[in-house]
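Pasted below: upload.csv, CSV, C-alpha atoms.
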```
chain,number,residue,atom,x,y,z
A,1,MET,CA,114.6,153.1,275.5
A,2,SER,CA,116.9,153.9,272.6
A,3,SER,CA,119.2,156.9,272.8
A,4,PRO,CA,118.0,160.1,271.1
A,5,LEU,CA,118.9,160.5,267.4
A,6,ARG,CA,121.4,163.4,267.1
A,7,ILE,CA,120.3,166.0,264.6
A,8,GLY,CA,122.4,168.5,262.7
A,9,MET,CA,120.4,171.5,261.5
A,10,LEU,CA,121.5,173.0,258.1
A,11,GLY,CA,120.3,176.6,258.1
A,12,MET,CA,119.0,178.6,261.1
A,13,GLY,CA,116.5,180.8,259.4
A,14,ASN,CA,112.7,180.6,259.8
A,15,ALA,CA,112.4,177.0,258.6
A,16,GLY,CA,115.3,175.7,260.7
A,17,LEU,CA,114.5,177.6,263.9
A,18,ALA,CA,110.9,176.4,263.7
A,19,PHE,CA,112.1,172.8,264.3
A,20,VAL,CA,114.3,173.6,267.3
A,21,PRO,CA,111.5,173.6,270.0
A,22,ALA,CA,110.0,170.5,268.5
A,23,ILE,CA,113.4,168.7,268.6
A,24,GLY,CA,113.9,169.9,272.2
A,25,LYS,CA,110.8,168.1,273.5
A,26,HIS,CA,110.7,165.0,271.2
A,27,PRO,CA,111.9,161.8,272.9
A,28,ASP,CA,113.4,160.5,269.6
A,29,PHE,CA,115.7,163.4,268.9
A,30,GLU,CA,118.2,166.0,270.2
A,31,LEU,CA,119.8,168.9,268.5
A,32,ALA,CA,123.6,168.3,268.4
A,33,ALA,CA,125.0,170.9,266.0
A,34,PHE,CA,124.0,173.2,263.2
A,35,VAL,CA,125.3,174.9,260.0
A,36,GLU,CA,124.8,178.6,259.4
A,37,PRO,CA,127.1,180.5,257.0
A,38,ASN,CA,126.2,184.0,258.5
A,39,ASP,CA,128.8,184.7,261.2
A,40,HIS,CA,126.5,186.9,263.3
A,41,ALA,CA,123.6,184.4,263.1
A,42,ARG,CA,125.9,181.5,263.9
A,43,SER,CA,127.3,183.2,267.0
A,44,ALA,CA,123.8,184.1,268.2
A,45,ALA,CA,122.5,180.6,267.7
A,46,GLU,CA,125.4,179.0,269.5
A,47,ALA,CA,124.8,181.2,272.5
A,48,GLN,CA,121.0,180.6,272.5
A,49,HIS,CA,120.9,176.9,271.8
A,50,GLY,CA,124.2,175.7,273.4
A,51,VAL,CA,125.3,173.5,270.5
A,52,PRO,CA,128.3,174.1,268.2
A,53,GLY,CA,127.8,175.9,264.9
A,54,HIS,CA,129.7,175.5,261.7
A,55,ALA,CA,129.9,177.5,258.5
A,56,THR,CA,129.5,174.5,256.1
A,57,LEU,CA,128.3,170.9,256.2
A,58,ALA,CA,131.8,169.7,255.3
A,59,GLN,CA,133.1,171.4,258.4
A,60,LEU,CA,130.4,169.8,260.5
A,61,LEU,CA,131.1,166.4,259.2
A,62,ALA,CA,134.8,166.7,259.6
A,63,SER,CA,134.8,168.1,263.2
A,64,GLY,CA,131.8,166.5,264.8
A,65,PRO,CA,129.9,166.0,266.9
A,66,ARG,CA,128.6,162.6,265.7
A,67,LEU,CA,125.3,162.8,263.9
A,68,ASP,CA,122.5,160.5,263.0
A,69,VAL,CA,120.3,162.9,261.0
A,70,VAL,CA,120.5,166.2,259.2
A,71,CYS,CA,117.6,168.5,258.7
A,72,ILE,CA,118.2,170.6,255.5
A,73,ALA,CA,116.5,174.0,256.0
A,74,SER,CA,118.8,175.9,253.6
A,75,PRO,CA,117.8,177.6,250.4
A,76,THR,CA,116.4,175.1,247.8
A,77,GLU,CA,119.4,175.5,245.5
A,78,TYR,CA,121.6,173.7,248.2
A,79,HIS,CA,119.2,170.9,249.0
A,80,THR,CA,120.5,168.3,246.5
A,81,ALA,CA,124.3,168.7,247.2
A,82,GLN,CA,123.8,168.8,250.9
A,83,ALA,CA,121.5,165.8,250.9
A,84,LEU,CA,123.9,163.7,248.8
A,85,GLN,CA,126.8,164.7,251.0
A,86,ALA,CA,124.9,163.7,254.2
A,87,ILE,CA,123.6,160.5,252.6
A,88,ASP,CA,127.2,159.6,251.6
A,89,ALA,CA,128.2,160.0,255.2
A,90,GLY,CA,125.5,157.5,256.2
A,91,LEU,CA,123.1,160.0,257.7
A,92,HIS,CA,119.3,160.1,257.5
A,93,VAL,CA,117.9,163.2,255.9
A,94,LEU,CA,114.9,165.5,256.5
A,95,VAL,CA,114.7,168.1,253.7
A,96,GLU,CA,112.4,171.1,253.4
A,97,LYS,CA,110.1,171.4,250.5
A,98,PRO,CA,110.5,171.7,247.6
A,99,MET,CA,113.1,169.0,247.9
A,100,ALA,CA,115.0,170.1,244.8
A,101,ILE,CA,114.7,172.4,241.7
A,102,THR,CA,114.7,169.6,239.1
A,103,LEU,CA,113.3,166.1,238.9
A,104,GLU,CA,116.8,164.9,238.0
A,105,ASP,CA,118.2,166.3,241.2
A,106,ALA,CA,115.2,164.7,243.2
A,107,ARG,CA,115.8,161.4,241.6
A,108,SER,CA,119.5,161.5,242.5
A,109,MET,CA,118.5,162.1,246.2
A,110,VAL,CA,116.0,159.2,246.2
A,111,ARG,CA,118.4,156.9,244.5
A,112,ALA,CA,121.2,157.7,246.9
A,113,ALA,CA,119.1,157.2,250.0
A,114,ARG,CA,117.8,153.9,248.7
A,115,GLU,CA,121.3,152.6,247.9
A,116,ARG,CA,122.8,153.8,251.2
A,117,GLY,CA,119.8,152.4,253.2
A,118,VAL,CA,118.9,155.6,255.0
A,119,THR,CA,115.7,157.5,255.4
A,120,LEU,CA,114.9,160.5,253.2
A,121,LEU,CA,111.9,162.5,254.4
A,122,VAL,CA,110.5,165.7,252.8
A,123,GLY,CA,108.9,168.2,255.2
A,124,HIS,CA,107.6,170.3,256.7
A,125,SER,CA,104.5,170.7,254.5
A,126,HIS,CA,100.9,171.6,255.4
A,127,SER,CA,99.7,168.0,254.8
A,128,TYR,CA,101.3,167.3,258.2
A,129,ASP,CA,98.7,169.7,259.8
A,130,LEU,CA,96.5,167.7,262.1
A,131,PRO,CA,93.2,168.8,260.5
A,132,ILE,CA,94.5,167.6,257.1
A,133,ARG,CA,95.5,164.2,258.6
A,134,LYS,CA,92.1,163.9,260.2
A,135,MET,CA,90.4,164.7,256.9
A,136,ALA,CA,92.4,161.8,255.4
A,137,GLU,CA,91.3,159.5,258.2
A,138,VAL,CA,87.6,160.4,257.6
A,139,ILE,CA,88.1,159.6,253.9
A,140,ALA,CA,89.9,156.4,254.7
A,141,SER,CA,87.1,155.3,257.0
A,142,GLY,CA,84.6,155.2,254.1
A,143,ARG,CA,82.0,157.2,256.1
A,144,LEU,CA,81.4,159.6,253.2
A,145,GLY,CA,82.4,157.3,250.2
A,146,ALA,CA,85.0,158.1,247.7
A,147,VAL,CA,86.6,161.5,247.2
A,148,ARG,CA,85.3,163.3,244.1
A,149,MET,CA,86.7,166.8,244.5
A,150,ALA,CA,89.1,168.7,246.8
A,151,HIS,CA,90.1,172.3,246.8
A,152,ASN,CA,92.8,174.4,248.5
A,153,TRP,CA,92.5,178.2,248.1
A,154,CYS,CA,94.9,180.5,249.8
A,155,PHE,CA,95.1,184.4,249.5
A,156,THR,CA,98.0,186.1,251.3
A,157,ASP,CA,100.6,188.8,251.0
A,158,TRP,CA,103.5,186.3,250.3
A,159,ILE,CA,105.1,188.2,247.4
A,160,TYR,CA,105.7,191.3,249.5
A,161,ARG,CA,107.1,189.8,252.6
A,162,PRO,CA,110.9,190.1,253.0
A,163,ARG,CA,112.6,187.7,250.6
A,164,ARG,CA,116.0,186.6,249.5
A,165,PRO,CA,116.5,186.9,245.8
A,166,ASP,CA,116.4,183.1,245.3
A,167,GLU,CA,112.9,183.0,246.8
A,168,LEU,CA,111.5,185.1,243.9
A,169,ASP,CA,113.7,183.5,241.2
A,170,ILE,CA,111.8,180.7,239.4
A,171,ARG,CA,115.1,179.2,238.1
A,172,MET,CA,116.2,178.7,241.8
A,173,GLY,CA,112.9,177.1,243.0
A,174,GLY,CA,111.4,180.5,243.9
A,175,GLY,CA,107.9,181.9,243.4
A,176,VAL,CA,104.5,180.9,244.6
A,177,THR,CA,104.1,177.7,242.6
A,178,PHE,CA,107.3,176.1,244.0
A,179,ARG,CA,107.2,177.5,247.5
A,180,GLN,CA,103.5,177.6,248.3
A,181,GLY,CA,102.1,175.3,245.6
A,182,SER,CA,104.2,172.5,247.0
A,183,HIS,CA,102.1,172.8,250.2
A,184,GLN,CA,98.9,172.8,248.2
A,185,PHE,CA,99.8,169.9,246.0
A,186,ASP,CA,101.0,167.9,249.0
A,187,VAL,CA,97.6,168.5,250.8
A,188,LEU,CA,95.5,167.6,247.8
A,189,ARG,CA,97.5,164.5,246.9
A,190,LEU,CA,97.1,163.2,250.5
A,191,LEU,CA,93.4,163.7,250.3
A,192,CYS,CA,92.8,162.6,246.8
A,193,GLY,CA,94.7,159.4,246.6
A,194,GLY,CA,98.3,160.4,245.8
A,195,GLN,CA,98.9,160.1,242.0
A,196,VAL,CA,98.1,163.0,239.7
A,197,ARG,CA,97.5,162.1,236.1
A,198,ARG,CA,97.1,165.5,234.4
A,199,VAL,CA,97.8,169.1,235.2
A,200,ARG,CA,96.4,172.3,233.7
A,201,ALA,CA,97.5,175.6,235.1
A,202,ARG,CA,97.9,179.4,234.7
A,203,ALA,CA,100.6,181.2,236.7
A,204,PHE,CA,100.7,185.0,237.0
A,205,ASP,CA,103.5,187.6,237.4
A,206,LEU,CA,101.4,190.7,238.2
A,207,ASP,CA,103.9,193.2,239.5
A,208,ARG,CA,106.7,194.5,237.3
A,209,GLU,CA,108.5,195.9,240.3
A,210,ARG,CA,108.5,192.5,242.1
A,211,ARG,CA,109.0,189.9,239.3
A,212,SER,CA,108.1,186.3,240.1
A,213,ILE,CA,105.2,183.9,240.0
A,214,GLY,CA,102.9,185.5,242.6
A,215,ALA,CA,99.7,183.7,241.9
A,216,HIS,CA,98.4,180.6,240.2
A,217,CYS,CA,95.3,178.6,239.4
A,218,VAL,CA,96.0,174.8,239.0
A,219,TYR,CA,93.6,172.0,238.1
A,220,LEU,CA,94.6,168.4,238.9
A,221,ASP,CA,93.2,165.2,237.5
A,222,PHE,CA,93.9,162.1,239.6
A,223,GLU,CA,94.4,158.6,238.5
A,224,ASN,CA,91.4,157.4,240.6
A,225,GLY,CA,89.0,159.9,239.0
A,226,ALA,CA,89.1,162.6,241.7
A,227,VAL,CA,89.8,166.2,240.7
A,228,ALA,CA,91.2,169.1,242.6
A,229,THR,CA,92.0,172.8,242.3
A,230,ALA,CA,94.8,174.8,243.9
A,231,VAL,CA,94.4,178.6,243.9
A,232,TYR,CA,97.0,180.8,245.4
A,233,ASN,CA,97.3,184.6,245.3
A,234,GLY,CA,100.2,186.2,247.1
A,235,TYR,CA,99.6,189.9,246.1
A,236,GLY,CA,98.2,191.2,249.4
A,237,GLY,CA,94.6,192.0,248.4
A,238,PHE,CA,91.9,189.8,249.8
A,239,GLN,CA,93.1,187.5,252.6
A,240,THR,CA,91.6,184.1,253.3
A,241,THR,CA,91.8,184.9,257.0
A,242,GLU,CA,88.7,187.0,256.4
A,243,ILE,CA,86.5,183.9,255.8
A,244,LEU,CA,88.4,181.6,258.2
A,245,ASP,CA,87.3,182.9,261.5
A,246,GLY,CA,90.1,185.4,261.3
A,247,LEU,CA,92.7,182.7,261.9
A,248,SER,CA,96.2,182.7,260.4
A,249,GLU,CA,98.2,180.0,258.7
A,250,TRP,CA,99.6,179.0,262.1
A,251,GLY,CA,96.4,179.0,264.1
A,252,PHE,CA,96.5,182.5,265.7
A,253,PRO,CA,93.8,185.2,265.4
A,254,ALA,CA,95.5,187.6,263.0
A,255,PRO,CA,94.6,190.8,264.7
A,256,GLU,CA,95.9,189.4,268.0
A,257,GLN,CA,99.3,189.0,266.4
A,258,GLY,CA,99.3,192.5,265.1
A,259,TRP,CA,100.0,191.4,261.5
A,260,GLY,CA,99.5,194.1,258.9
A,261,VAL,CA,98.9,192.9,255.4
A,262,LYS,CA,101.7,193.9,253.0
A,263,ARG,CA,100.6,195.3,249.7
A,264,ARG,CA,102.0,196.5,246.4
A,265,GLY,CA,105.0,198.7,247.1
A,266,ASP,CA,105.8,197.1,250.5
A,267,GLY,CA,108.4,194.7,249.1
A,268,GLY,CA,112.0,195.8,249.8
A,269,ARG,CA,113.8,197.5,246.9
A,270,ASP,CA,117.2,197.4,248.6
A,271,ALA,CA,118.5,193.8,248.5
A,272,ALA,CA,120.7,194.2,251.6
A,273,ALA,CA,117.9,195.8,253.6
A,274,GLU,CA,115.4,193.2,252.6
A,275,ILE,CA,117.8,190.4,253.7
A,276,GLN,CA,118.3,192.2,257.0
A,277,ALA,CA,114.5,192.4,257.5
A,278,LYS,CA,114.2,188.7,256.7
A,279,GLN,CA,116.9,187.8,259.2
A,280,ALA,CA,115.2,190.0,261.8
A,281,ARG,CA,112.0,187.9,261.4
A,282,ALA,CA,113.9,184.6,261.8
A,283,GLY,CA,112.5,182.5,264.6
A,284,LYS,CA,109.5,184.9,265.1
A,285,VAL,CA,107.2,183.8,262.3
A,286,ILE,CA,106.3,180.1,262.9
A,287,PRO,CA,105.1,179.4,266.4
A,288,ASP,CA,105.6,176.2,268.4
A,289,GLN,CA,102.2,176.3,269.9
A,290,ALA,CA,98.9,178.0,268.9
A,291,PRO,CA,95.4,178.2,270.4
A,292,PHE,CA,93.8,176.9,267.2
A,293,HIS,CA,94.7,174.5,264.3
A,294,PRO,CA,96.7,176.0,261.4
A,295,PHE,CA,94.7,177.3,258.4
A,296,PHE,CA,96.7,177.2,255.1
A,297,GLY,CA,93.9,178.8,253.2
A,298,ILE,CA,90.6,177.0,253.0
A,299,THR,CA,90.6,173.2,252.3
A,300,LEU,CA,87.3,171.7,251.3
A,301,VAL,CA,86.8,168.0,250.3
A,302,SER,CA,83.7,166.7,248.5
A,303,CYS,CA,83.0,163.0,248.7
A,304,GLU,CA,80.1,160.9,247.3
A,305,GLY,CA,78.2,161.2,250.6
A,306,GLY,CA,79.2,164.6,252.0
A,307,ASP,CA,81.8,167.3,252.5
A,308,ILE,CA,84.6,168.1,255.0
A,309,ARG,CA,86.3,171.3,255.9
A,310,GLN,CA,88.3,172.6,258.8
A,311,SER,CA,87.0,174.3,261.9
A,312,PRO,CA,89.1,176.3,264.4
A,313,LYS,CA,89.2,173.3,266.7
A,314,GLY,CA,89.0,170.4,264.2
A,315,LEU,CA,86.7,169.5,261.3
A,316,TYR,CA,83.2,170.1,260.1
A,317,VAL,CA,81.7,167.0,258.5
A,318,TYR,CA,78.6,167.5,256.4
A,319,ASP,CA,76.4,164.4,255.6
A,320,GLN,CA,72.8,163.5,255.2
A,321,ASP,CA,72.2,164.0,258.9
A,322,GLY,CA,73.5,167.6,258.9
A,323,VAL,CA,76.8,169.0,260.2
A,324,GLU,CA,79.0,167.4,262.9
A,325,GLU,CA,82.1,169.1,264.4
A,326,ILE,CA,84.9,166.8,265.2
A,327,THR,CA,87.4,168.4,267.6
A,328,PHE,CA,90.8,167.3,268.7
A,329,PRO,CA,93.6,168.9,270.7
A,330,THR,CA,95.8,171.7,269.4
A,331,ASP,CA,98.8,170.9,271.7
A,332,ARG,CA,101.0,169.4,269.0
A,333,SER,CA,102.6,171.5,266.3
A,334,PRO,CA,103.0,170.3,262.7
A,335,ARG,CA,106.8,170.0,263.3
A,336,ASP,CA,106.1,167.6,266.2
A,337,LEU,CA,104.2,165.5,263.7
A,338,VAL,CA,107.0,165.6,261.2
A,339,LEU,CA,109.4,164.3,263.8
A,340,ASP,CA,107.0,161.6,264.8
A,341,GLU,CA,107.0,160.3,261.2
A,342,LEU,CA,110.8,160.7,260.9
A,343,GLY,CA,111.5,158.8,264.2
A,344,ASP,CA,109.0,156.1,263.3
A,345,ALA,CA,110.7,155.6,259.8
A,346,ILE,CA,114.3,155.6,261.2
A,347,ARG,CA,113.5,153.2,264.0
A,348,GLY,CA,111.4,150.9,261.8
A,349,ARG,CA,108.1,151.4,263.7
A,350,SER,CA,106.2,152.4,260.5
A,351,ALA,CA,106.9,153.4,256.9
A,352,ALA,CA,107.0,157.1,256.0
A,353,VAL,CA,104.3,158.7,253.9
A,354,HIS,CA,106.4,161.8,253.0
A,355,ASP,CA,109.4,159.9,251.8
A,356,GLY,CA,111.6,160.9,248.9
A,357,GLN,CA,109.3,159.4,246.3
A,358,TRP,CA,106.4,161.4,247.7
A,359,GLY,CA,108.4,164.6,247.7
A,360,MET,CA,109.5,164.0,244.2
A,361,ALA,CA,105.9,163.6,243.1
A,362,ASN,CA,105.0,167.0,244.7
A,363,LEU,CA,107.9,168.6,242.8
A,364,GLU,CA,106.6,166.9,239.6
A,365,VAL,CA,103.3,168.7,240.0
A,366,CYS,CA,105.0,172.0,240.6
A,367,LEU,CA,107.1,171.7,237.5
A,368,ALA,CA,104.1,170.5,235.4
A,369,ALA,CA,102.0,173.5,236.6
A,370,ILE,CA,104.7,176.0,235.5
A,371,ALA,CA,105.1,174.1,232.2
A,372,SER,CA,101.4,174.1,231.6
A,373,SER,CA,101.1,177.8,232.1
A,374,GLU,CA,104.1,178.5,229.8
A,375,ARG,CA,102.7,176.2,227.0
A,376,SER,CA,99.0,177.1,227.5
A,377,ALA,CA,98.4,173.3,227.4
A,378,GLU,CA,97.6,170.4,229.7
A,379,VAL,CA,100.6,168.4,230.9
A,380,ASP,CA,100.2,164.6,231.1
A,381,LEU,CA,102.5,163.1,233.7
A,382,LYS,CA,102.8,159.6,232.4
A,383,GLU,CA,105.8,160.4,230.3
A,384,GLN,CA,107.8,161.7,233.3
A,385,ARG,CA,106.8,158.6,235.3
A,386,ALA,CA,108.2,156.3,232.7
A,387,ILE,CA,111.7,157.3,233.9
A,388,THR,CA,112.4,154.9,236.8
A,389,VAL,CA,114.3,155.9,239.9
```
Exercise: express the given structure as structure tokens:
Amino acid sequence: MSSPLRIGMLGMGNAGLAFVPAIGKHPDFELAAFVEPNDHARSAAEAQHGVPGHATLAQLLASGPRLDVVCIASPTEYHTAQALQAIDAGLHVLVEKPMAITLEDARSMVRAARERGVTLLVGHSHSYDLPIRKMAEVIASGRLGAVRMAHNWCFTDWIYRPRRPDELDIRMGGGVTFRQGSHQFDVLRLLCGGQVRRVRARAFDLDRERRSIGAHCVYLDFENGAVATAVYNGYGGFQTTEILDGLSEWGFPAPEQGWGVKRRGDGGRDAAAEIQAKQARAGKVIPDQAPFHPFFGITLVSCEGGDIRQSPKGLYVYDQDGVEEITFPTDRSPRDLVLDELGDAIRGRSAAVHDGQWGMANLEVCLAAIASSERSAEVDLKEQRAITV
């Protein structure tokens, strides 16, 4: 058996720490080092995980240990520079969504990985969730015929959770459309055939004390004739957990976790205190295991011959014979599945779905949705696709 691939983690916040347990139990990988600019967080992570920490990627590359892969879980504004630096060093790259702030930056990442001959993967996103993958398998089987409509609707308190300033700044890849819409568009593209043709959207900034895009309604037209809607409201009113068997985004009964919905006025007004609150949550938000499958809002697919939606243990499939529940184990987290795809791609066992081109197409939809709202007009994506990578 091949030796494990050695991963360097860039950023030890929620996104980075969520991968650590999955890396620890995956046969293809081992955590070798990490980058964390915060001195206190770096010291704590070194003590907890037993691997060296560095303040910058340059320091890590200069001083070792030897790496095969970097996982970029830093703020979006750093993704492109860090990815290009790692690719130049001959490393494979796993980068969090959104992969970049601009299409130009995303193209540069894709081009560099192709020229250097390394893998570029974009994830985690909720299209890795096992129920979404199983929906795609039902669709591919032809059991229900072609997809005609798909919807993902998600209502949360996202806008009032502890945030860094960049997470709310649209210019830095912040706000609901970049940070949560990228999940939705990824899910809908996987289920509807991949290529979006036209986008029509309205985005909303509804709190003058907490400026950002906090909600949107997006309509997607696909090249194959399917259509989809992505609705997200992060202002802490109605929660989709109320109609999803009380289950959270990560597959836990919400009351069991003791989560209180954050509402208008709950967002921090002191920037330092808010960052401190966010740091305190690091590693405690995204579980490695859960009793049920994750529910990123409600996902409903309508095909020619029936419908599909999630159940706590799997899927409900509706056809002419009635309703069938298809169940499958909940013992593998979405991060486990990300690492499966990354390992398979690097070792040549199978091609990646969520490669750089796929991630760039998700970013394209994010940007088109924001542009559509600003212009009050539909955006046709053909012109953007005319620019080759």
Stretch 117-193 of chain A residues near stretch 80-96 of chain A within 6 Å, closest pair each, using only C-alpha atoms, as a tab-separated table:
```
residue	atom	partner	partner_atom	distance
A:Val118	CA	A:His92	CA	5.2
A:Thr119	CA	A:His92	CA	4.9
A:Leu120	CA	A:Val93	CA	4.9
A:Leu121	CA	A:Leu94	CA	4.7
A:Val122	CA	A:Val95	CA	4.9
A:Gly123	CA	A:Glu96	CA	4.9
A:His124	CA	A:Glu96	CA	5.9
```
A:Ile308, A:Ala136, A:Ala277, A:Ala351 ranked by distance to A:Val323, top pick (using only C-alpha atoms): A:Ile308
Nearest residue to A:Leu247 from the set A:Val147, A:Met172, A:Ile298, A:Val231 (distances using all atoms listed in the file): A:Ile298
Atomic separation - atom CA of A:Leu367 relative to atom CA of A:Gly175, Å: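 Value for the atom CA of A:Gly175-atom CA of A:Leu367 distance: 11.8 Å.
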Selected residue, from A:Cys192, A:Met360, A:Val379, A:Leu206, that lies nearest to A:Ala106 when counting only C-alpha atoms: A:Met360
Residue list as an MDAnalysis selection string for point (103.2, 166.6, 239.4), cut-off 12 Å, all atoms listed in the file: chainID A and resid 102:103 177:178 181:182 184:186 188:189 194:201 218:223 357:372 378:385
For the residues in the current selection, export C-alpha atoms as a PDB file, in the coordinates of the input.
```pdb
ATOM      1  CA  THR A 102     114.700 169.600 239.100  1.00  0.00           C
ATOM      2  CA  LEU A 103     113.300 166.100 238.900  1.00  0.00           C
ATOM      3  CA  THR A 177     104.100 177.700 242.600  1.00  0.00           C
ATOM      4  CA  PHE A 178     107.300 176.100 244.000  1.00  0.00           C
ATOM      5  CA  GLY A 181     102.100 175.300 245.600  1.00  0.00           C
ATOM      6  CA  SER A 182     104.200 172.500 247.000  1.00  0.00           C
ATOM      7  CA  GLN A 184      98.900 172.800 248.200  1.00  0.00           C
ATOM      8  CA  PHE A 185      99.800 169.900 246.000  1.00  0.00           C
ATOM      9  CA  ASP A 186     101.000 167.900 249.000  1.00  0.00           C
ATOM     10  CA  LEU A 188      95.500 167.600 247.800  1.00  0.00           C
ATOM     11  CA  ARG A 189      97.500 164.500 246.900  1.00  0.00           C
ATOM     12  CA  GLY A 194      98.300 160.400 245.800  1.00  0.00           C
ATOM     13  CA  GLN A 195      98.900 160.100 242.000  1.00  0.00           C
ATOM     14  CA  VAL A 196      98.100 163.000 239.700  1.00  0.00           C
ATOM     15  CA  ARG A 197      97.500 162.100 236.100  1.00  0.00           C
ATOM     16  CA  ARG A 198      97.100 165.500 234.400  1.00  0.00           C
ATOM     17  CA  VAL A 199      97.800 169.100 235.200  1.00  0.00           C
ATOM     18  CA  ARG A 200      96.400 172.300 233.700  1.00  0.00           C
ATOM     19  CA  ALA A 201      97.500 175.600 235.100  1.00  0.00           C
ATOM     20  CA  VAL A 218      96.000 174.800 239.000  1.00  0.00           C
ATOM     21  CA  TYR A 219      93.600 172.000 238.100  1.00  0.00           C
ATOM     22  CA  LEU A 220      94.600 168.400 238.900  1.00  0.00           C
ATOM     23  CA  ASP A 221      93.200 165.200 237.500  1.00  0.00           C
ATOM     24  CA  PHE A 222      93.900 162.100 239.600  1.00  0.00           C
ATOM     25  CA  GLU A 223      94.400 158.600 238.500  1.00  0.00           C
ATOM     26  CA  GLN A 357     109.300 159.400 246.300  1.00  0.00           C
ATOM     27  CA  TRP A 358     106.400 161.400 247.700  1.00  0.00           C
ATOM     28  CA  GLY A 359     108.400 164.600 247.700  1.00  0.00           C
ATOM     29  CA  MET A 360     109.500 164.000 244.200  1.00  0.00           C
ATOM     30  CA  ALA A 361     105.900 163.600 243.100  1.00  0.00           C
ATOM     31  CA  ASN A 362     105.000 167.000 244.700  1.00  0.00           C
ATOM     32  CA  LEU A 363     107.900 168.600 242.800  1.00  0.00           C
ATOM     33  CA  GLU A 364     106.600 166.900 239.600  1.00  0.00           C
ATOM     34  CA  VAL A 365     103.300 168.700 240.000  1.00  0.00           C
ATOM     35  CA  CYS A 366     105.000 172.000 240.600  1.00  0.00           C
ATOM     36  CA  LEU A 367     107.100 171.700 237.500  1.00  0.00           C
ATOM     37  CA  ALA A 368     104.100 170.500 235.400  1.00  0.00           C
ATOM     38  CA  ALA A 369     102.000 173.500 236.600  1.00  0.00           C
ATOM     39  CA  ILE A 370     104.700 176.000 235.500  1.00  0.00           C
ATOM     40  CA  ALA A 371     105.100 174.100 232.200  1.00  0.00           C
ATOM     41  CA  SER A 372     101.400 174.100 231.600  1.00  0.00           C
ATOM     42  CA  GLU A 378      97.600 170.400 229.700  1.00  0.00           C
ATOM     43  CA  VAL A 379     100.600 168.400 230.900  1.00  0.00           C
ATOM     44  CA  ASP A 380     100.200 164.600 231.100  1.00  0.00           C
ATOM     45  CA  LEU A 381     102.500 163.100 233.700  1.00  0.00           C
ATOM     46  CA  LYS A 382     102.800 159.600 232.400  1.00  0.00           C
ATOM     47  CA  GLU A 383     105.800 160.400 230.300  1.00  0.00           C
ATOM     48  CA  GLN A 384     107.800 161.700 233.300  1.00  0.00           C
ATOM     49  CA  ARG A 385     106.800 158.600 235.300  1.00  0.00           C
TER      50      ARG A 385
END
```
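Interatomic distance, atom CA of A:Ala62 to atom CA of A:Arg42: 17.8 Å.
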Polymer residues at most 10 Å from A:Pro27, all atoms listed in the file, same-chain spacing of 2 or more positions, as number ranges by chain: A: 1-5, 22-25, 29-30, 339-340, 343
